[in-house]
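Worksheet: one structure, shown below.
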Amino acid sequence: MDAVTDPDVTQVSVMKSARVGYTKILDHVVAYYLSYDPSPILVVQQRVEDAEDYSKTEIAPMVRDTPRAHRHRPGSQSERHGPDYP
């Protein structure tokens, strides 16, 4: 978390094996920025379907269930068109 929350760090690269909990770490990073330092975030997946699934199964429930993150979600678009995630 030190590297991803340091304003002087512009890129974090990760070399990892499979099934080590990286997705949960990524979820926590997204939650941190939604809750404490709202800013644009881009999470890239290999396929559009993967991105939609990740958004619906991981990000949207996390935002819904975390009061501080929910409070900082973009409001105008979600009020007009449904959730911003995706």
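Each chain in the structure tokens gets a letter, A, B and so on, in the order shown; residues start at 1 in every chain, and ligands are counted from 1 in the order they appear.
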
Distance query Ser55 (chain A) at most 12 Å, only C-alpha atoms, self and fewer than 4 positions along chain excluded, as number ranges by chain: A: 23, 27, 30, 42-45, 48-51, 59-64, 83-86

Atoms to include: N, CA and C atoms. Write the selected residues as a PDB file, in the first residue's frame.
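Result saved to selection_11.pdb:
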```pdb
ATOM      1  N   THR A  23      -5.944 -10.142  -6.819  1.00  0.00           N
ATOM      2  CA  THR A  23      -7.207  -9.460  -7.112  1.00  0.00           C
ATOM      3  C   THR A  23      -7.750  -8.779  -5.869  1.00  0.00           C
ATOM      4  N   ASP A  27      -8.509  -4.895  -5.307  1.00  0.00           N
ATOM      5  CA  ASP A  27      -9.788  -4.403  -4.777  1.00  0.00           C
ATOM      6  C   ASP A  27      -9.559  -3.403  -3.649  1.00  0.00           C
ATOM      7  N   VAL A  30      -8.361  -0.032  -5.024  1.00  0.00           N
ATOM      8  CA  VAL A  30      -9.497   0.711  -5.584  1.00  0.00           C
ATOM      9  C   VAL A  30     -10.340   1.297  -4.456  1.00  0.00           C
ATOM     10  N   LEU A  42      -7.953   3.292 -13.512  1.00  0.00           N
ATOM     11  CA  LEU A  42      -8.156   2.405 -14.650  1.00  0.00           C
ATOM     12  C   LEU A  42      -7.666   1.021 -14.265  1.00  0.00           C
ATOM     13  N   VAL A  43      -8.563   0.061 -14.301  1.00  0.00           N
ATOM     14  CA  VAL A  43      -8.209  -1.342 -14.095  1.00  0.00           C
ATOM     15  C   VAL A  43      -8.452  -2.035 -15.425  1.00  0.00           C
ATOM     16  N   VAL A  44      -7.423  -2.654 -15.973  1.00  0.00           N
ATOM     17  CA  VAL A  44      -7.500  -3.258 -17.299  1.00  0.00           C
ATOM     18  C   VAL A  44      -7.603  -4.775 -17.166  1.00  0.00           C
ATOM     19  N   GLN A  45      -8.513  -5.351 -17.908  1.00  0.00           N
ATOM     20  CA  GLN A  45      -8.670  -6.801 -17.984  1.00  0.00           C
ATOM     21  C   GLN A  45      -8.400  -7.225 -19.430  1.00  0.00           C
ATOM     22  N   VAL A  48     -13.266  -7.567 -22.657  1.00  0.00           N
ATOM     23  CA  VAL A  48     -14.365  -6.719 -22.193  1.00  0.00           C
ATOM     24  C   VAL A  48     -15.253  -7.499 -21.232  1.00  0.00           C
ATOM     25  N   GLU A  49     -15.524  -8.751 -21.561  1.00  0.00           N
ATOM     26  CA  GLU A  49     -16.373  -9.581 -20.701  1.00  0.00           C
ATOM     27  C   GLU A  49     -15.753  -9.766 -19.316  1.00  0.00           C
ATOM     28  N   ASP A  50     -14.432  -9.906 -19.259  1.00  0.00           N
ATOM     29  CA  ASP A  50     -13.747 -10.031 -17.968  1.00  0.00           C
ATOM     30  C   ASP A  50     -13.884  -8.746 -17.161  1.00  0.00           C
ATOM     31  N   ALA A  51     -13.747  -7.610 -17.832  1.00  0.00           N
ATOM     32  CA  ALA A  51     -13.873  -6.320 -17.146  1.00  0.00           C
ATOM     33  C   ALA A  51     -15.288  -6.123 -16.618  1.00  0.00           C
ATOM     34  N   ILE A  59     -16.206  -4.922  -7.833  1.00  0.00           N
ATOM     35  CA  ILE A  59     -16.199  -3.482  -7.553  1.00  0.00           C
ATOM     36  C   ILE A  59     -17.571  -2.985  -7.095  1.00  0.00           C
ATOM     37  N   ALA A  60     -18.623  -3.291  -7.838  1.00  0.00           N
ATOM     38  CA  ALA A  60     -19.957  -2.784  -7.467  1.00  0.00           C
ATOM     39  C   ALA A  60     -20.385  -3.225  -6.069  1.00  0.00           C
ATOM     40  N   PRO A  61     -20.245  -4.505  -5.693  1.00  0.00           N
ATOM     41  CA  PRO A  61     -20.623  -4.889  -4.326  1.00  0.00           C
ATOM     42  C   PRO A  61     -19.759  -4.217  -3.263  1.00  0.00           C
ATOM     43  N   MET A  62     -18.467  -4.049  -3.556  1.00  0.00           N
ATOM     44  CA  MET A  62     -17.584  -3.396  -2.595  1.00  0.00           C
ATOM     45  C   MET A  62     -18.021  -1.945  -2.370  1.00  0.00           C
ATOM     46  N   VAL A  63     -18.329  -1.242  -3.448  1.00  0.00           N
ATOM     47  CA  VAL A  63     -18.774   0.150  -3.328  1.00  0.00           C
ATOM     48  C   VAL A  63     -20.109   0.214  -2.595  1.00  0.00           C
ATOM     49  N   ARG A  64     -21.014  -0.673  -2.921  1.00  0.00           N
ATOM     50  CA  ARG A  64     -22.326  -0.710  -2.273  1.00  0.00           C
ATOM     51  C   ARG A  64     -22.204  -0.971  -0.769  1.00  0.00           C
ATOM     52  N   PRO A  83     -25.755   2.067 -12.242  1.00  0.00           N
ATOM     53  CA  PRO A  83     -24.417   2.072 -11.642  1.00  0.00           C
ATOM     54  C   PRO A  83     -23.335   2.526 -12.610  1.00  0.00           C
ATOM     55  N   ASP A  84     -22.323   3.213 -12.073  1.00  0.00           N
ATOM     56  CA  ASP A  84     -21.171   3.619 -12.873  1.00  0.00           C
ATOM     57  C   ASP A  84     -20.188   2.465 -13.031  1.00  0.00           C
ATOM     58  N   TYR A  85     -20.432   1.371 -12.345  1.00  0.00           N
ATOM     59  CA  TYR A  85     -19.529   0.226 -12.365  1.00  0.00           C
ATOM     60  C   TYR A  85     -20.271  -0.947 -12.959  1.00  0.00           C
ATOM     61  N   PRO A  86     -20.128  -1.307 -14.196  1.00  0.00           N
ATOM     62  CA  PRO A  86     -19.313  -0.699 -15.235  1.00  0.00           C
ATOM     63  C   PRO A  86     -19.947   0.549 -15.790  1.00  0.00           C
TER      64      PRO A  86
END
```

Residues of chain A in helix (DSSP H, G or I), written as a VMD selection string: chain A and resid 2 to 5 22 to 36 48 to 65 67 to 71 76 to 81

Between CA of Tyr36 (chain A) and CA of Arg68 (chain A), distance in Å (one decimal): 8.2 Å

Å distance separating CA of Val14 (chain A) from CA of Ile41 (chain A), one decimal place: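 Those two atoms sit 16.8 Å apart.
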
Gap from CA of Leu26 (chain A) to CA of Val12 (chain A) - Å, one decimal: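 So the answer is 11.5 Å.
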
Closest contacts (region 31-68 of chain A/region 7-10 of chain A, max 12 Å, only C-alpha atoms) as a Markdown table:
```
| residue | atom | partner | partner_atom | distance |
| --- | --- | --- | --- | --- |
| A:Tyr33 | CA | A:Pro7 | CA | 11.9 |
| A:Asp37 | CA | A:Pro7 | CA | 10.6 |
| A:Ser39 | CA | A:Pro7 | CA | 11.8 |
```

Could those residues be written to a file, using C-alpha atoms, as a short mmCIF file (atom, residue, chain, number, x, y, z; two decimals), in the first residue's frame?
```
data_model
loop_
_atom_site.label_atom_id
_atom_site.label_comp_id
_atom_site.auth_asym_id
_atom_site.auth_seq_id
_atom_site.Cartn_x
_atom_site.Cartn_y
_atom_site.Cartn_z
CA TYR A 33 -8.82 5.64 -3.65
CA ASP A 37 -8.40 10.08 -2.36
CA SER A 39 -9.37 10.10 -8.42
#
```
